[in-house]
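**Q** Mind looking over this structure? Questions follow.
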Amino acid sequence: MTLTLSRRSWLKLGVHSGAVALGAPLLAGCESLQGLALPEVPVWVHRPGGVLSIAFRRQLTDKNAIEDQPYERGRPAIDSQNLRVFVPSQDGGLYAVDARSGDVLWRFGTMAPVQCEPLFDASEDVVYFGSSDGALYKVRASDGQMIFRFSSNGEVARRPVIDGDVLFMVNANDTLLAINKTTGKLKYYQKRQPAFGIEIGAMAGPVVANKKVITAFSDGAVMAYATSDGAEVWPTVDLSADAQAADGQPPQYLDADTTPVVLSVKGAQAVAVGHYEGGVYALDLEGGRILWKNADAVGVTNLLLWDQPAHAARPKANGQVGPDAPQRRILIASSGRTGLWGLDPDTGEALWRRKLPEGGISAPVPVAGALLVSTTRYGVFLVEPTRGGVIDGIEPGSEIAMTPAAYGRHAFVMTNGGELLSIVVQPPVTPKKKKA
């Protein structure tokens, strides 16, 4: 027997808009369900509350300008120096918002939805972002005035990256493009033939490491090119071929949709990437050789390397001091099919896994020593990275598909209804020892 909780069911259990406080009714409700198979019931029902709170909420988008389904994807970009947030929108605009008040500073309009995470470049005080109209834009961060528009002939939905004077971007037409970031002129491009099969509809972005730009494509190939001239520096790594079923049939979905993540595997430089049917792979950065594979973590569309440096222990409430904390590295993978995973970067072994309620999940975002994720139906949640336990959550009363952006103790995310939320993370404070 499987039980699915709707939002109405959650509200009956005591989950309200704003910061979620875990009360006795919620605990009693969940404990009464023990013994049932509950893969869709959220795991964060036994968290403490009060760590997350909403600083402000502002309606941004023009709902009359949204012709398609109102899913707000992408991710905001934060200018921490000037306290600005750049928010993509389904209504075809990029908004610059005051991070303190939520007031709109300017809006730049395109000819289609903007579902791409912007790239803020503080050195020039400019913003780069893509649109579903097939173009990549460079605008001034101060007033939103356009510097150039580059037409790529394919939807741009992943964040571009800068390497020196070159801007790298990938579009939905399976094309990697290198552009002069000053002039907006094409330097070179590499295109693969789109896959003949069923696609999930996401796409990978580029990453630059060791004079290589690495990305993945809809046919399941992972490629590395020289940043200087676009020459192939790996043989094609075909993850779709590796993901073939035992009977030799190709996988139903061919996509490798995750932007590669640079990491080390037992001291060797590598990149991690996910294939929708094949799982998560670590590839040698020099030649693309498969170092490890986790075939259980399927459906992954976003990866993050959570790296906690070694640090001294903090005093406990009783005044005692424990051992110093060692460095911890965990590869966090998010999948709408199989949940949120913590993987060992050296071996790919699953350290923990948390199933999700019905609906999707965003990319994980580091904040205040924890992880912040949004789920389509149940709001935003703060997750403890080493075991995957949920610390706190907010159910804002509207669905969320966008990935949050965070800096310090502050985060920003927009609901599918076009409302921007400013979220504050308040880490627990170690109680002071009482004087005798």
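Identifiers in the structure tokens: chain A, B, ... in order shown; residue index from 1 per chain; ligand index from 1 in order shown.
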Step one, run DSSP on the backbone; step two, keep only residues of range 311-426 of chain A assigned to strand (DSSP E); then write them as JSON, numbers by chain.
**A** {"A": [328, 329, 330, 331, 332, 333, 334, 335, 339, 340, 341, 342, 343, 350, 351, 352, 353, 354, 365, 366, 367, 370, 371, 372, 373, 374, 375, 379, 380, 381, 382, 383, 390, 391, 392, 393, 394, 405, 406, 407, 410, 411, 412, 413, 414, 419, 420, 421, 422, 423, 424, 425]}
**Q** Just N, CA and C atoms for this one: save the residues we selected as a short mmCIF file (atom, residue, chain, number, x, y, z; two decimals), in the first residue's frame.
**A**
data_model
loop_
_atom_site.label_atom_id
_atom_site.label_comp_id
_atom_site.auth_asym_id
_atom_site.auth_seq_id
_atom_site.Cartn_x
_atom_site.Cartn_y
_atom_site.Cartn_z
N ARG A 328 35.50 16.82 5.05
CA ARG A 328 34.48 15.92 4.52
C ARG A 328 34.17 16.32 3.09
N ARG A 329 34.17 15.35 2.18
CA ARG A 329 33.79 15.59 0.78
C ARG A 329 32.69 14.61 0.42
N ILE A 330 31.59 15.14 -0.07
CA ILE A 330 30.46 14.30 -0.48
C ILE A 330 29.92 14.83 -1.80
N LEU A 331 29.71 13.93 -2.75
CA LEU A 331 29.09 14.30 -4.02
C LEU A 331 27.58 14.17 -3.85
N ILE A 332 26.88 15.29 -3.95
CA ILE A 332 25.43 15.31 -3.76
C ILE A 332 24.76 15.24 -5.14
N ALA A 333 23.86 14.28 -5.31
CA ALA A 333 23.15 14.08 -6.58
C ALA A 333 21.65 14.19 -6.34
N SER A 334 20.97 14.96 -7.17
CA SER A 334 19.51 15.09 -7.02
C SER A 334 18.81 14.49 -8.24
N SER A 335 17.78 13.69 -7.95
CA SER A 335 17.04 12.97 -8.99
C SER A 335 15.56 12.99 -8.66
N GLY A 339 15.53 10.26 -5.82
CA GLY A 339 15.72 11.03 -4.61
C GLY A 339 17.02 11.79 -4.55
N LEU A 340 17.39 12.14 -3.33
CA LEU A 340 18.60 12.88 -3.05
C LEU A 340 19.65 11.91 -2.52
N TRP A 341 20.85 11.97 -3.11
CA TRP A 341 21.91 11.01 -2.79
C TRP A 341 23.14 11.73 -2.26
N GLY A 342 23.86 11.07 -1.35
CA GLY A 342 25.20 11.46 -0.96
C GLY A 342 26.15 10.35 -1.37
N LEU A 343 27.09 10.64 -2.26
CA LEU A 343 28.00 9.63 -2.81
C LEU A 343 29.43 9.91 -2.37
N ALA A 350 27.20 4.82 -2.33
CA ALA A 350 26.16 5.63 -1.70
C ALA A 350 26.41 5.70 -0.20
N LEU A 351 26.61 6.91 0.30
CA LEU A 351 26.76 7.12 1.74
C LEU A 351 25.39 7.25 2.40
N TRP A 352 24.44 7.84 1.68
CA TRP A 352 23.05 7.93 2.13
C TRP A 352 22.16 8.24 0.95
N ARG A 353 20.88 7.99 1.14
CA ARG A 353 19.90 8.30 0.11
C ARG A 353 18.60 8.66 0.81
N ARG A 354 17.93 9.70 0.32
CA ARG A 354 16.64 10.11 0.85
C ARG A 354 15.62 10.14 -0.27
N VAL A 365 22.03 23.29 -3.08
CA VAL A 365 22.79 24.54 -2.97
C VAL A 365 23.40 24.62 -1.58
N PRO A 366 24.72 24.82 -1.46
CA PRO A 366 25.33 24.94 -0.12
C PRO A 366 24.98 26.27 0.53
N VAL A 367 24.64 26.24 1.82
CA VAL A 367 24.34 27.45 2.57
C VAL A 367 24.56 27.16 4.05
N ALA A 370 25.10 23.73 5.35
CA ALA A 370 24.08 22.74 5.02
C ALA A 370 23.75 22.84 3.53
N LEU A 371 22.69 22.15 3.10
CA LEU A 371 22.24 22.17 1.72
C LEU A 371 20.81 22.67 1.67
N LEU A 372 20.51 23.50 0.68
CA LEU A 372 19.16 23.99 0.47
C LEU A 372 18.65 23.42 -0.86
N VAL A 373 17.45 22.82 -0.83
CA VAL A 373 16.83 22.30 -2.06
C VAL A 373 15.38 22.74 -2.09
N SER A 374 14.85 22.89 -3.27
CA SER A 374 13.42 23.13 -3.42
C SER A 374 12.77 21.91 -4.05
N THR A 375 11.55 21.60 -3.63
CA THR A 375 10.79 20.51 -4.21
C THR A 375 9.52 21.08 -4.82
N GLY A 379 7.81 22.72 -1.11
CA GLY A 379 8.54 23.88 -0.65
C GLY A 379 10.05 23.72 -0.64
N VAL A 380 10.70 24.48 0.26
CA VAL A 380 12.15 24.58 0.34
C VAL A 380 12.62 23.93 1.64
N PHE A 381 13.73 23.17 1.57
CA PHE A 381 14.17 22.42 2.73
C PHE A 381 15.68 22.53 2.93
N LEU A 382 16.07 22.58 4.19
CA LEU A 382 17.47 22.63 4.58
C LEU A 382 17.88 21.22 5.00
N VAL A 383 18.94 20.70 4.37
CA VAL A 383 19.33 19.30 4.54
C VAL A 383 20.74 19.24 5.13
N VAL A 390 16.79 16.07 7.13
CA VAL A 390 16.27 17.41 6.90
C VAL A 390 16.20 18.17 8.21
N ILE A 391 16.73 19.38 8.22
CA ILE A 391 16.79 20.22 9.40
C ILE A 391 15.52 21.04 9.55
N ASP A 392 15.06 21.63 8.45
CA ASP A 392 13.90 22.50 8.52
C ASP A 392 13.33 22.67 7.11
N GLY A 393 12.13 23.26 7.02
CA GLY A 393 11.49 23.46 5.74
C GLY A 393 10.49 24.59 5.76
N ILE A 394 10.21 25.12 4.57
CA ILE A 394 9.20 26.16 4.39
C ILE A 394 8.27 25.74 3.27
N ALA A 405 19.25 30.32 -4.84
CA ALA A 405 20.61 30.87 -4.83
C ALA A 405 20.89 31.33 -3.42
N ALA A 406 22.12 31.14 -2.94
CA ALA A 406 22.42 31.46 -1.55
C ALA A 406 23.77 32.14 -1.43
N TYR A 407 23.86 33.02 -0.43
CA TYR A 407 25.12 33.65 -0.07
C TYR A 407 25.07 33.94 1.42
N HIS A 410 21.73 33.93 3.58
CA HIS A 410 20.55 34.39 2.86
C HIS A 410 20.38 33.61 1.55
N ALA A 411 19.14 33.36 1.19
CA ALA A 411 18.84 32.63 -0.05
C ALA A 411 17.64 33.28 -0.73
N PHE A 412 17.56 33.07 -2.04
CA PHE A 412 16.48 33.62 -2.85
C PHE A 412 15.98 32.56 -3.81
N VAL A 413 14.66 32.50 -3.96
CA VAL A 413 14.05 31.57 -4.90
C VAL A 413 12.69 32.12 -5.30
N MET A 414 12.23 31.79 -6.50
CA MET A 414 10.93 32.27 -6.96
C MET A 414 9.97 31.11 -7.14
N GLU A 419 6.44 34.66 -7.43
CA GLU A 419 6.70 35.41 -6.21
C GLU A 419 8.11 35.11 -5.72
N LEU A 420 8.93 36.16 -5.57
CA LEU A 420 10.30 36.00 -5.09
C LEU A 420 10.30 35.92 -3.57
N LEU A 421 10.97 34.89 -3.04
CA LEU A 421 11.11 34.71 -1.60
C LEU A 421 12.54 35.01 -1.19
N SER A 422 12.70 35.80 -0.14
CA SER A 422 13.99 35.99 0.50
C SER A 422 13.98 35.18 1.78
N ILE A 423 14.89 34.22 1.88
CA ILE A 423 14.91 33.27 2.98
C ILE A 423 16.16 33.49 3.83
N VAL A 424 15.99 33.46 5.13
CA VAL A 424 17.11 33.60 6.06
C VAL A 424 17.34 32.26 6.75
N VAL A 425 18.61 31.85 6.80
CA VAL A 425 19.00 30.62 7.50
C VAL A 425 19.66 31.03 8.82
#
**Q** I want to know what sits within 10 Å of range 58-65 of chain A, based on only C-alpha atoms, with residues of the same chain fewer than 5 positions away left out; could you give that as a list in words?
**A**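 Neighbouring residues, sequence-local ones excluded: Pro70, Glu72, Val87, Pro88, Ser89, Gln90, Asp91, Gly92, Gly93, Leu94, Tyr95, Val97, Ser101, Gly102, Asp103, Val104, Arg107, Ala112, Pro113, Met414, Thr415, Asn416, Gly417, Gly418, Glu419, Leu420, Leu421 and Ser422 of chain A.
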**Q** Output the selection as a PDB file, in the first residue's frame - N, CA and C atoms for each residue.
**A**
ATOM      1  N   PRO A  70       3.148  27.859 -16.155  1.00  0.00           N
ATOM      2  CA  PRO A  70       3.954  28.804 -15.371  1.00  0.00           C
ATOM      3  C   PRO A  70       4.987  28.140 -14.465  1.00  0.00           C
ATOM      4  N   GLU A  72       8.647  28.257 -13.149  1.00  0.00           N
ATOM      5  CA  GLU A  72       9.810  29.134 -13.060  1.00  0.00           C
ATOM      6  C   GLU A  72      11.019  28.275 -12.739  1.00  0.00           C
ATOM      7  N   VAL A  87      17.116  37.697 -11.339  1.00  0.00           N
ATOM      8  CA  VAL A  87      16.141  36.609 -11.314  1.00  0.00           C
ATOM      9  C   VAL A  87      15.579  36.365 -12.713  1.00  0.00           C
ATOM     10  N   PRO A  88      15.748  35.144 -13.272  1.00  0.00           N
ATOM     11  CA  PRO A  88      15.131  34.826 -14.567  1.00  0.00           C
ATOM     12  C   PRO A  88      13.644  34.567 -14.410  1.00  0.00           C
ATOM     13  N   SER A  89      12.877  34.774 -15.498  1.00  0.00           N
ATOM     14  CA  SER A  89      11.430  34.630 -15.379  1.00  0.00           C
ATOM     15  C   SER A  89      10.799  34.062 -16.638  1.00  0.00           C
ATOM     16  N   GLN A  90       9.727  33.302 -16.413  1.00  0.00           N
ATOM     17  CA  GLN A  90       8.945  32.726 -17.490  1.00  0.00           C
ATOM     18  C   GLN A  90       8.244  33.803 -18.320  1.00  0.00           C
ATOM     19  N   ASP A  91       8.088  35.008 -17.781  1.00  0.00           N
ATOM     20  CA  ASP A  91       7.409  36.069 -18.542  1.00  0.00           C
ATOM     21  C   ASP A  91       8.328  36.728 -19.572  1.00  0.00           C
ATOM     22  N   GLY A  92       9.533  36.156 -19.761  1.00  0.00           N
ATOM     23  CA  GLY A  92      10.438  36.659 -20.788  1.00  0.00           C
ATOM     24  C   GLY A  92      11.401  37.712 -20.298  1.00  0.00           C
ATOM     25  N   GLY A  93      11.488  37.935 -18.994  1.00  0.00           N
ATOM     26  CA  GLY A  93      12.343  38.983 -18.480  1.00  0.00           C
ATOM     27  C   GLY A  93      13.416  38.481 -17.540  1.00  0.00           C
ATOM     28  N   LEU A  94      14.481  39.277 -17.421  1.00  0.00           N
ATOM     29  CA  LEU A  94      15.456  39.125 -16.345  1.00  0.00           C
ATOM     30  C   LEU A  94      15.272  40.323 -15.435  1.00  0.00           C
ATOM     31  N   TYR A  95      15.047  40.054 -14.140  1.00  0.00           N
ATOM     32  CA  TYR A  95      14.801  41.108 -13.169  1.00  0.00           C
ATOM     33  C   TYR A  95      16.045  41.331 -12.309  1.00  0.00           C
ATOM     34  N   VAL A  97      16.852  42.865  -8.687  1.00  0.00           N
ATOM     35  CA  VAL A  97      16.062  43.140  -7.487  1.00  0.00           C
ATOM     36  C   VAL A  97      16.993  43.549  -6.356  1.00  0.00           C
ATOM     37  N   SER A 101      15.199  44.753   0.051  1.00  0.00           N
ATOM     38  CA  SER A 101      13.774  45.100   0.065  1.00  0.00           C
ATOM     39  C   SER A 101      12.928  44.301  -0.907  1.00  0.00           C
ATOM     40  N   GLY A 102      13.549  43.743  -1.940  1.00  0.00           N
ATOM     41  CA  GLY A 102      12.788  43.074  -2.987  1.00  0.00           C
ATOM     42  C   GLY A 102      12.293  44.011  -4.069  1.00  0.00           C
ATOM     43  N   ASP A 103      12.636  45.287  -3.974  1.00  0.00           N
ATOM     44  CA  ASP A 103      12.200  46.244  -4.990  1.00  0.00           C
ATOM     45  C   ASP A 103      12.894  45.953  -6.325  1.00  0.00           C
ATOM     46  N   VAL A 104      12.135  46.087  -7.426  1.00  0.00           N
ATOM     47  CA  VAL A 104      12.692  45.865  -8.757  1.00  0.00           C
ATOM     48  C   VAL A 104      13.508  47.082  -9.168  1.00  0.00           C
ATOM     49  N   ARG A 107      14.179  45.728 -15.339  1.00  0.00           N
ATOM     50  CA  ARG A 107      13.783  44.488 -16.013  1.00  0.00           C
ATOM     51  C   ARG A 107      14.239  44.559 -17.450  1.00  0.00           C
ATOM     52  N   ALA A 112      11.215  35.455 -25.343  1.00  0.00           N
ATOM     53  CA  ALA A 112      10.752  34.136 -24.899  1.00  0.00           C
ATOM     54  C   ALA A 112      11.096  33.995 -23.414  1.00  0.00           C
ATOM     55  N   PRO A 113      10.612  32.919 -22.769  1.00  0.00           N
ATOM     56  CA  PRO A 113      10.925  32.722 -21.356  1.00  0.00           C
ATOM     57  C   PRO A 113      12.428  32.696 -21.086  1.00  0.00           C
ATOM     58  N   MET A 414      12.225  31.789  -6.501  1.00  0.00           N
ATOM     59  CA  MET A 414      10.929  32.270  -6.962  1.00  0.00           C
ATOM     60  C   MET A 414       9.971  31.107  -7.136  1.00  0.00           C
ATOM     61  N   THR A 415       8.742  31.284  -6.704  1.00  0.00           N
ATOM     62  CA  THR A 415       7.726  30.256  -6.854  1.00  0.00           C
ATOM     63  C   THR A 415       7.235  30.224  -8.299  1.00  0.00           C
ATOM     64  N   ASN A 416       6.500  29.159  -8.633  1.00  0.00           N
ATOM     65  CA  ASN A 416       5.931  29.070  -9.976  1.00  0.00           C
ATOM     66  C   ASN A 416       4.879  30.143 -10.229  1.00  0.00           C
ATOM     67  N   GLY A 417       4.390  30.747  -9.172  1.00  0.00           N
ATOM     68  CA  GLY A 417       3.461  31.865  -9.316  1.00  0.00           C
ATOM     69  C   GLY A 417       4.151  33.190  -9.519  1.00  0.00           C
ATOM     70  N   GLY A 418       5.490  33.193  -9.582  1.00  0.00           N
ATOM     71  CA  GLY A 418       6.225  34.418  -9.851  1.00  0.00           C
ATOM     72  C   GLY A 418       6.497  35.267  -8.630  1.00  0.00           C
ATOM     73  N   GLU A 419       6.445  34.663  -7.432  1.00  0.00           N
ATOM     74  CA  GLU A 419       6.698  35.407  -6.207  1.00  0.00           C
ATOM     75  C   GLU A 419       8.107  35.108  -5.721  1.00  0.00           C
ATOM     76  N   LEU A 420       8.929  36.162  -5.570  1.00  0.00           N
ATOM     77  CA  LEU A 420      10.297  36.001  -5.094  1.00  0.00           C
ATOM     78  C   LEU A 420      10.296  35.924  -3.574  1.00  0.00           C
ATOM     79  N   LEU A 421      10.970  34.890  -3.042  1.00  0.00           N
ATOM     80  CA  LEU A 421      11.106  34.708  -1.602  1.00  0.00           C
ATOM     81  C   LEU A 421      12.539  35.007  -1.192  1.00  0.00           C
ATOM     82  N   SER A 422      12.697  35.800  -0.141  1.00  0.00           N
ATOM     83  CA  SER A 422      13.985  35.993   0.504  1.00  0.00           C
ATOM     84  C   SER A 422      13.980  35.178   1.785  1.00  0.00           C
TER      85      SER A 422
END
**Q** Given only C-alpha atoms as the basis, pick out the residue of A:Pro160, A:Tyr378, A:Thr386, A:His311 nearest to Ser398 in chain A.
**A**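 Once distances to Ser398 in chain A are computed over only C-alpha atoms, the minimum belongs to A:Tyr378.
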**Q** Please, what distance in Å, to one decimal, runs between CA of Met146 in chain A and CA of Gly205 in chain A?
**A**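 Separating CA of Met146 in chain A from CA of Gly205 in chain A is a distance of 23.2 Å.
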**Q** Do a neighbour search on range 276-285 of chain A at 9 Å with only C-alpha atoms, toss out local chain neighbours closer than 2 positions, and write the hits as a ChimeraX atom specification.
**A** /A:200,209-210,212,220,224,237,239-240,242-244,251-258,262-263,265,268-274,287-301,333,335,345-348
**Q** Selected residues, C-alpha atoms, written as a CSV table (one decimal), in the first residue's frame, please.
**A**
chain,number,residue,atom,x,y,z
A,200,ILE,CA,14.0,14.3,-20.9
A,209,ALA,CA,39.3,22.6,-16.1
A,210,ASN,CA,43.0,22.1,-17.1
A,212,LYS,CA,39.6,21.8,-21.3
A,220,GLY,CA,24.6,10.5,-23.7
A,224,ALA,CA,36.2,17.4,-23.8
A,237,VAL,CA,32.7,8.8,-23.9
A,239,LEU,CA,27.5,6.7,-21.5
A,240,SER,CA,24.4,5.5,-23.4
A,242,ASP,CA,27.6,1.8,-21.2
A,243,ALA,CA,24.0,2.0,-19.9
A,244,GLN,CA,22.6,-0.7,-22.2
A,251,PRO,CA,18.2,2.7,-22.7
A,252,GLN,CA,14.8,4.4,-23.1
A,253,TYR,CA,16.3,7.8,-22.3
A,254,LEU,CA,19.7,8.7,-23.7
A,255,ASP,CA,20.3,12.1,-22.0
A,256,ALA,CA,23.4,13.0,-20.0
A,257,ASP,CA,21.8,16.2,-18.5
A,258,THR,CA,24.1,17.1,-15.7
A,262,VAL,CA,35.3,18.8,-11.2
A,263,LEU,CA,36.5,16.7,-8.3
A,265,VAL,CA,39.1,10.6,-7.2
A,268,ALA,CA,43.4,11.9,-9.5
A,269,GLN,CA,41.6,14.8,-11.2
A,270,ALA,CA,38.2,13.8,-12.6
A,271,VAL,CA,34.8,15.0,-13.5
A,272,ALA,CA,31.5,13.6,-12.3
A,273,VAL,CA,28.5,13.5,-14.6
A,274,GLY,CA,25.1,11.8,-14.6
A,287,GLY,CA,41.4,11.0,-21.0
A,288,GLY,CA,37.8,10.4,-20.1
A,289,ARG,CA,38.3,6.9,-18.7
A,290,ILE,CA,35.5,5.7,-16.4
A,291,LEU,CA,36.9,5.6,-12.8
A,292,TRP,CA,33.7,4.5,-11.1
A,293,LYS,CA,30.0,4.2,-11.7
A,294,ASN,CA,26.9,4.2,-9.4
A,295,ALA,CA,24.2,2.5,-11.5
A,296,ASP,CA,21.6,2.9,-8.8
A,297,ALA,CA,21.5,6.7,-8.9
A,298,VAL,CA,19.4,7.0,-12.0
A,299,GLY,CA,17.5,10.1,-13.1
A,300,VAL,CA,20.1,12.5,-11.8
A,301,THR,CA,20.0,15.9,-13.4
A,333,ALA,CA,23.2,14.1,-6.6
A,335,SER,CA,17.0,13.0,-9.0
A,345,PRO,CA,33.7,11.0,-4.4
A,346,ASP,CA,36.5,8.4,-4.4
A,347,THR,CA,34.4,5.3,-5.0
A,348,GLY,CA,30.8,6.3,-6.0
**Q** Show me, as a VMD selection string, the residues that have an atom within 10 Å of Ser142 in chain A when counting only C-alpha atoms, minus same-chain residues fewer than 3 positions from it.
**A** chain A and resid 82 84 96 105 to 106 125 to 127 139 145
**Q** Quick check, in Å to one decimal: how far apart do CA of Tyr128 in chain A and CA of Ser264 in chain A lie?
**A**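 The value is 29.2 Å.
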**Q** Could you go through range 111-295 of chain A and tell me which residues DSSP, when run on the backbone, assigns to helix (DSSP H, G or I), listing them as a PyMOL selection string?
**A** chain A and resi 239-242
**Q** Go ahead and compute the interatomic distance for CA of Asn302 in chain A and CA of Arg100 in chain A, in Å to one decimal.
**A**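 Between CA of Asn302 in chain A and CA of Arg100 in chain A the gap is 29.1 Å.
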